[in-house]
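Asks: I have a structure I would like to understand better, so I am pasting it below and will then ask my questions one at a time.
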Amino acid sequence: MGLVQAVVGSIGGALADQWKDFYTVPGGLPATAALFAAVPQGTNAGRGSNTKGSSNIITNGSKIVVPEGYGLLLFQDGAITGFAAEAGGYEWRSDDLNSKSIFSGGGLVESLIKQSWERFKFGGQPGSQQAAFFVSLKELPDNRFGTQSEIYWDDGFLGTQVGAVTRGSYTLKIVDPILFVKNFVPAAYLQPGKVFDFTDLDNAAASQLFNEVVGSLAPAFSLYSNDPGKGNRITKLQQDSVGFAKSLSDAVETAYQWKSDRGLVIAKTAIVSIEYDANTRELLKTVQRADALAGSRGNSNLQASVAQGMQAAGENGGAAGIMGLGMASGMLGGIGSLQQPVAPAAAAAEDPIAKLKKAKEMLDLGLITQTDYDALKAKTLGL
């Protein structure tokens, strides 16, 4: 009985796999899907004659359409045999016996009898596995990060350690699909009907990435705030999503080699919130106050403060209060020292003898007349 079943199964499978098919992206995919198998359109849409073909065999001559923003990975018996990164239509061609078809140029004997015999030896199943997978080349959004407690890093501008609780999101980009599949994607996702999604809470591989990002946040903040090109200001973090993404991606690469080992990079970030600890908030207030009181603005504010102090001293302590304030200001160099710089005093009047001497030389040289000289002399001597 088993012999008959195996023969029937092998012949029926070989006949079903003769049909060409049309493979494309499955419907209903989330925007965060990173890797998934191509599906035959005839089976997926309920049309066509190839409704009983093997799920792990692609017939020669079948078409595979690659949409924009996706790459195509071809597998034969678990190994990657081809990759296409450009959108367009492709035709499947394989030397494997199971892919040969009478509808794509294979002879009847070669395509049916040999396939049936080979499948008979495997209990009616094809002795090969072929698959086509789409991999997203787009930015994959909605990858969250967050810390439950403060993280700390050394800040170059403040010159001390600062701490904060933060949360946000980032986009991932697969820059090397072959490296990504070979070194990172679990085998369970290289099956028809499975979707590798970084945002899937049940995806252990995605959870590992989340933990590694959280572990890289402190080094990323340090890289950003200590970079002179970023102005050394941690307060710019929320305004510079691309700049911080670069710092976070560099920190992740240094610690976990995402790009070199897994073909992944962080493209952009969005910090939803960042709450500094009490000490850091006080430091930032001091910096803001110093910025506001810098230069002439600070001089004006200081003069106004002194004026207010004098007014308060006069109201509360009368002449004694004002005198005390005057003594204090004298010890500090006087209120006058708080004034804006004034123009230097005019130069002292010129010596009248030197002035007349210069006028006499001009008279001798014929530059002025005797009348001019006499008038100048009378003016200088006050005659």
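Residues in the structure tokens are numbered from 1 in each chain, the chains being A, B, ... in the order shown, and ligands are numbered from 1 in the order shown.
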Give me the residues near segment 153-168 of chain A as JSON, numbers by chain, where near means some atom within 6 Å (using only C-alpha atoms) and where sequence neighbours in that chain fewer than 4 positions away do not count.
Replies: {"A": [144, 145, 146, 147, 149, 218, 222, 226, 232, 270, 271, 272, 273, 274, 275, 276, 277, 280]}
Asks: Write out as an mmCIF file with C-alpha atoms, in the first residue's frame which residues come within 10 Å of Lys259 of chain A when counting only C-alpha atoms, dropping same-chain ones fewer than 3 positions away.
Replies:
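Dumped everything to part09.cif:
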data_model
loop_
_atom_site.group_PDB
_atom_site.id
_atom_site.type_symbol
_atom_site.label_atom_id
_atom_site.label_comp_id
_atom_site.auth_asym_id
_atom_site.auth_seq_id
_atom_site.Cartn_x
_atom_site.Cartn_y
_atom_site.Cartn_z
ATOM 1 C CA LYS A 173 17.943 50.036 7.239
ATOM 2 C CA ILE A 174 19.228 46.726 5.847
ATOM 3 C CA VAL A 175 22.338 47.723 3.896
ATOM 4 C CA ASP A 176 23.655 44.180 3.250
ATOM 5 C CA LEU A 179 24.923 39.375 5.502
ATOM 6 C CA PHE A 180 21.647 40.071 7.305
ATOM 7 C CA SER A 249 24.710 54.044 14.955
ATOM 8 C CA ASP A 250 28.442 54.551 15.625
ATOM 9 C CA VAL A 252 26.059 50.383 18.247
ATOM 10 C CA GLU A 253 28.637 49.497 15.612
ATOM 11 C CA THR A 254 31.512 49.887 18.078
ATOM 12 C CA TYR A 256 27.919 45.143 18.590
ATOM 13 C CA ARG A 262 24.614 41.903 10.409
ATOM 14 C CA GLY A 263 24.266 44.386 7.539
ATOM 15 C CA LEU A 264 22.148 46.776 9.644
ATOM 16 C CA VAL A 265 22.402 50.500 10.403
ATOM 17 C CA ILE A 266 20.309 53.034 12.307
#
Asks: My list of candidates is A:Gln191, A:Ser247, A:Asn279, A:Thr24. Which is closest to Gly78 of chain A when distances are computed with only C-alpha atoms?
Replies: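 Once distances to Gly78 of chain A are computed over only C-alpha atoms, the minimum belongs to A:Gln191.
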Asks: In Å, how far is it from atom CA of Ala205 of chain A to atom CA of Pro26 of chain A?
Replies: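 Atom CA of Ala205 of chain A sits 22.7 Å away from atom CA of Pro26 of chain A.
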Asks: DSSP on the backbone, alpha helix (DSSP H) only: what residues of segment 192-245 of chain A does that give? Format it as a list in words.
Replies: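 Output for segment 192-245 of chain A, alpha helix (DSSP H) only: Ala204, Ala205, Ala206, Ser207, Gln208, Leu209, Phe210, Asn211, Glu212, Val213, Val214, Gly215, Ser216, Leu217, Ala218, Pro219, Ala220, Phe221, Ser222, Leu223, Tyr224, Ser225, Ser241, Val242, Gly243, Phe244 and Ala245 of chain A.
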Asks: Write the residues of the selection above to a file with N, CA, C and O atoms, as an mmCIF file, in the first residue's frame.
Replies:
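Now in selection22.cif:
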data_model
loop_
_atom_site.group_PDB
_atom_site.id
_atom_site.type_symbol
_atom_site.label_atom_id
_atom_site.label_comp_id
_atom_site.auth_asym_id
_atom_site.auth_seq_id
_atom_site.Cartn_x
_atom_site.Cartn_y
_atom_site.Cartn_z
ATOM 1 N N ALA A 204 12.474 37.169 19.013
ATOM 2 C CA ALA A 204 13.589 37.225 19.966
ATOM 3 C C ALA A 204 14.782 37.974 19.389
ATOM 4 O O ALA A 204 15.512 38.657 20.123
ATOM 5 N N ALA A 205 15.001 37.850 18.083
ATOM 6 C CA ALA A 205 16.119 38.558 17.457
ATOM 7 C C ALA A 205 15.913 40.066 17.527
ATOM 8 O O ALA A 205 16.855 40.833 17.788
ATOM 9 N N ALA A 206 14.673 40.515 17.316
ATOM 10 C CA ALA A 206 14.373 41.944 17.413
ATOM 11 C C ALA A 206 14.522 42.433 18.849
ATOM 12 O O ALA A 206 14.991 43.555 19.089
ATOM 13 N N SER A 207 14.145 41.614 19.814
ATOM 14 C CA SER A 207 14.306 41.988 21.221
ATOM 15 C C SER A 207 15.779 42.162 21.570
ATOM 16 O O SER A 207 16.144 43.044 22.357
ATOM 17 N N GLN A 208 16.618 41.326 20.977
ATOM 18 C CA GLN A 208 18.057 41.456 21.216
ATOM 19 C C GLN A 208 18.566 42.803 20.701
ATOM 20 O O GLN A 208 19.382 43.469 21.365
ATOM 21 N N LEU A 209 18.089 43.225 19.542
ATOM 22 C CA LEU A 209 18.486 44.524 18.999
ATOM 23 C C LEU A 209 18.055 45.651 19.930
ATOM 24 O O LEU A 209 18.804 46.618 20.143
ATOM 25 N N PHE A 210 16.846 45.554 20.479
ATOM 26 C CA PHE A 210 16.358 46.574 21.413
ATOM 27 C C PHE A 210 17.292 46.702 22.615
ATOM 28 O O PHE A 210 17.668 47.809 23.019
ATOM 29 N N ASN A 211 17.671 45.567 23.177
ATOM 30 C CA ASN A 211 18.560 45.589 24.342
ATOM 31 C C ASN A 211 19.919 46.197 23.996
ATOM 32 O O ASN A 211 20.516 46.920 24.801
ATOM 33 N N GLU A 212 20.403 45.920 22.807
ATOM 34 C CA GLU A 212 21.702 46.457 22.409
ATOM 35 C C GLU A 212 21.637 47.966 22.181
ATOM 36 O O GLU A 212 22.596 48.684 22.469
ATOM 37 N N VAL A 213 20.514 48.454 21.671
ATOM 38 C CA VAL A 213 20.347 49.902 21.490
ATOM 39 C C VAL A 213 20.327 50.606 22.841
ATOM 40 O O VAL A 213 20.988 51.633 23.037
ATOM 41 N N VAL A 214 19.567 50.049 23.783
ATOM 42 C CA VAL A 214 19.513 50.645 25.116
ATOM 43 C C VAL A 214 20.906 50.665 25.747
ATOM 44 O O VAL A 214 21.310 51.651 26.374
ATOM 45 N N GLY A 215 21.660 49.580 25.552
ATOM 46 C CA GLY A 215 23.014 49.524 26.092
ATOM 47 C C GLY A 215 23.974 50.491 25.425
ATOM 48 O O GLY A 215 25.051 50.773 25.970
ATOM 49 N N SER A 216 23.597 51.022 24.257
ATOM 50 C CA SER A 216 24.471 51.947 23.520
ATOM 51 C C SER A 216 24.069 53.398 23.684
ATOM 52 O O SER A 216 24.741 54.289 23.148
ATOM 53 N N LEU A 217 22.983 53.675 24.412
ATOM 54 C CA LEU A 217 22.498 55.046 24.518
ATOM 55 C C LEU A 217 23.494 55.960 25.226
ATOM 56 O O LEU A 217 23.754 57.080 24.770
ATOM 57 N N ALA A 218 24.049 55.502 26.358
ATOM 58 C CA ALA A 218 24.993 56.352 27.096
ATOM 59 C C ALA A 218 26.215 56.698 26.237
ATOM 60 O O ALA A 218 26.596 57.870 26.136
ATOM 61 N N PRO A 219 26.875 55.706 25.573
ATOM 62 C CA PRO A 219 27.985 56.062 24.679
ATOM 63 C C PRO A 219 27.552 56.988 23.541
ATOM 64 O O PRO A 219 28.325 57.860 23.117
ATOM 65 N N ALA A 220 26.320 56.809 23.042
ATOM 66 C CA ALA A 220 25.839 57.664 21.951
ATOM 67 C C ALA A 220 25.669 59.102 22.407
ATOM 68 O O ALA A 220 26.060 60.041 21.709
ATOM 69 N N PHE A 221 25.091 59.300 23.598
ATOM 70 C CA PHE A 221 24.955 60.651 24.147
ATOM 71 C C PHE A 221 26.334 61.285 24.343
ATOM 72 O O PHE A 221 26.535 62.472 24.080
ATOM 73 N N SER A 222 27.272 60.492 24.818
ATOM 74 C CA SER A 222 28.628 61.004 25.033
ATOM 75 C C SER A 222 29.281 61.402 23.719
ATOM 76 O O SER A 222 29.907 62.462 23.610
ATOM 77 N N LEU A 223 29.128 60.553 22.686
ATOM 78 C CA LEU A 223 29.691 60.872 21.373
ATOM 79 C C LEU A 223 29.115 62.181 20.833
ATOM 80 O O LEU A 223 29.835 63.012 20.279
ATOM 81 N N TYR A 224 27.807 62.347 21.003
ATOM 82 C CA TYR A 224 27.154 63.544 20.454
ATOM 83 C C TYR A 224 27.558 64.799 21.210
ATOM 84 O O TYR A 224 27.966 65.798 20.614
ATOM 85 N N SER A 225 27.429 64.759 22.543
ATOM 86 C CA SER A 225 27.653 65.977 23.326
ATOM 87 C C SER A 225 29.125 66.362 23.406
ATOM 88 O O SER A 225 29.446 67.506 23.746
ATOM 89 N N SER A 241 17.841 64.992 14.729
ATOM 90 C CA SER A 241 17.553 63.561 14.666
ATOM 91 C C SER A 241 18.590 62.803 13.841
ATOM 92 O O SER A 241 18.977 61.691 14.182
ATOM 93 N N VAL A 242 19.057 63.415 12.753
ATOM 94 C CA VAL A 242 20.035 62.739 11.900
ATOM 95 C C VAL A 242 21.402 62.681 12.588
ATOM 96 O O VAL A 242 22.087 61.658 12.560
ATOM 97 N N GLY A 243 21.798 63.794 13.224
ATOM 98 C CA GLY A 243 23.093 63.823 13.910
ATOM 99 C C GLY A 243 23.161 62.833 15.047
ATOM 100 O O GLY A 243 24.162 62.117 15.206
ATOM 101 N N PHE A 244 22.087 62.751 15.845
ATOM 102 C CA PHE A 244 22.096 61.794 16.945
ATOM 103 C C PHE A 244 22.010 60.364 16.429
ATOM 104 O O PHE A 244 22.592 59.450 17.014
ATOM 105 N N ALA A 245 21.296 60.146 15.319
ATOM 106 C CA ALA A 245 21.241 58.810 14.721
ATOM 107 C C ALA A 245 22.636 58.335 14.332
ATOM 108 O O ALA A 245 22.984 57.159 14.509
#
Asks: Can you pull out every residue within 10 Å of Ile80 of chain A, counting only C-alpha atoms, but drop anything in the same chain fewer than 5 positions away, and send it as a list in words?
Replies: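 These residues fall inside the cut-off: Leu73, Leu74, Phe75, Gln130, Ala131, Ala132, Ile178, Val181 and Lys182 of chain A.
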Asks: Within 8 Å of segment 368-375 of chain A, counting only C-alpha atoms, which residues qualify if same-chain residues fewer than 6 places away don't, as a PyMOL selection string?
Replies: chain A and resi 359-360+362
Asks: If I take atom CA of Phe196 of chain A and atom CA of Ile58 of chain A, how far is one from the other in Å, to one decimal?
Replies: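 Atom-to-atom, atom CA of Phe196 of chain A to atom CA of Ile58 of chain A, that is 21.9 Å.
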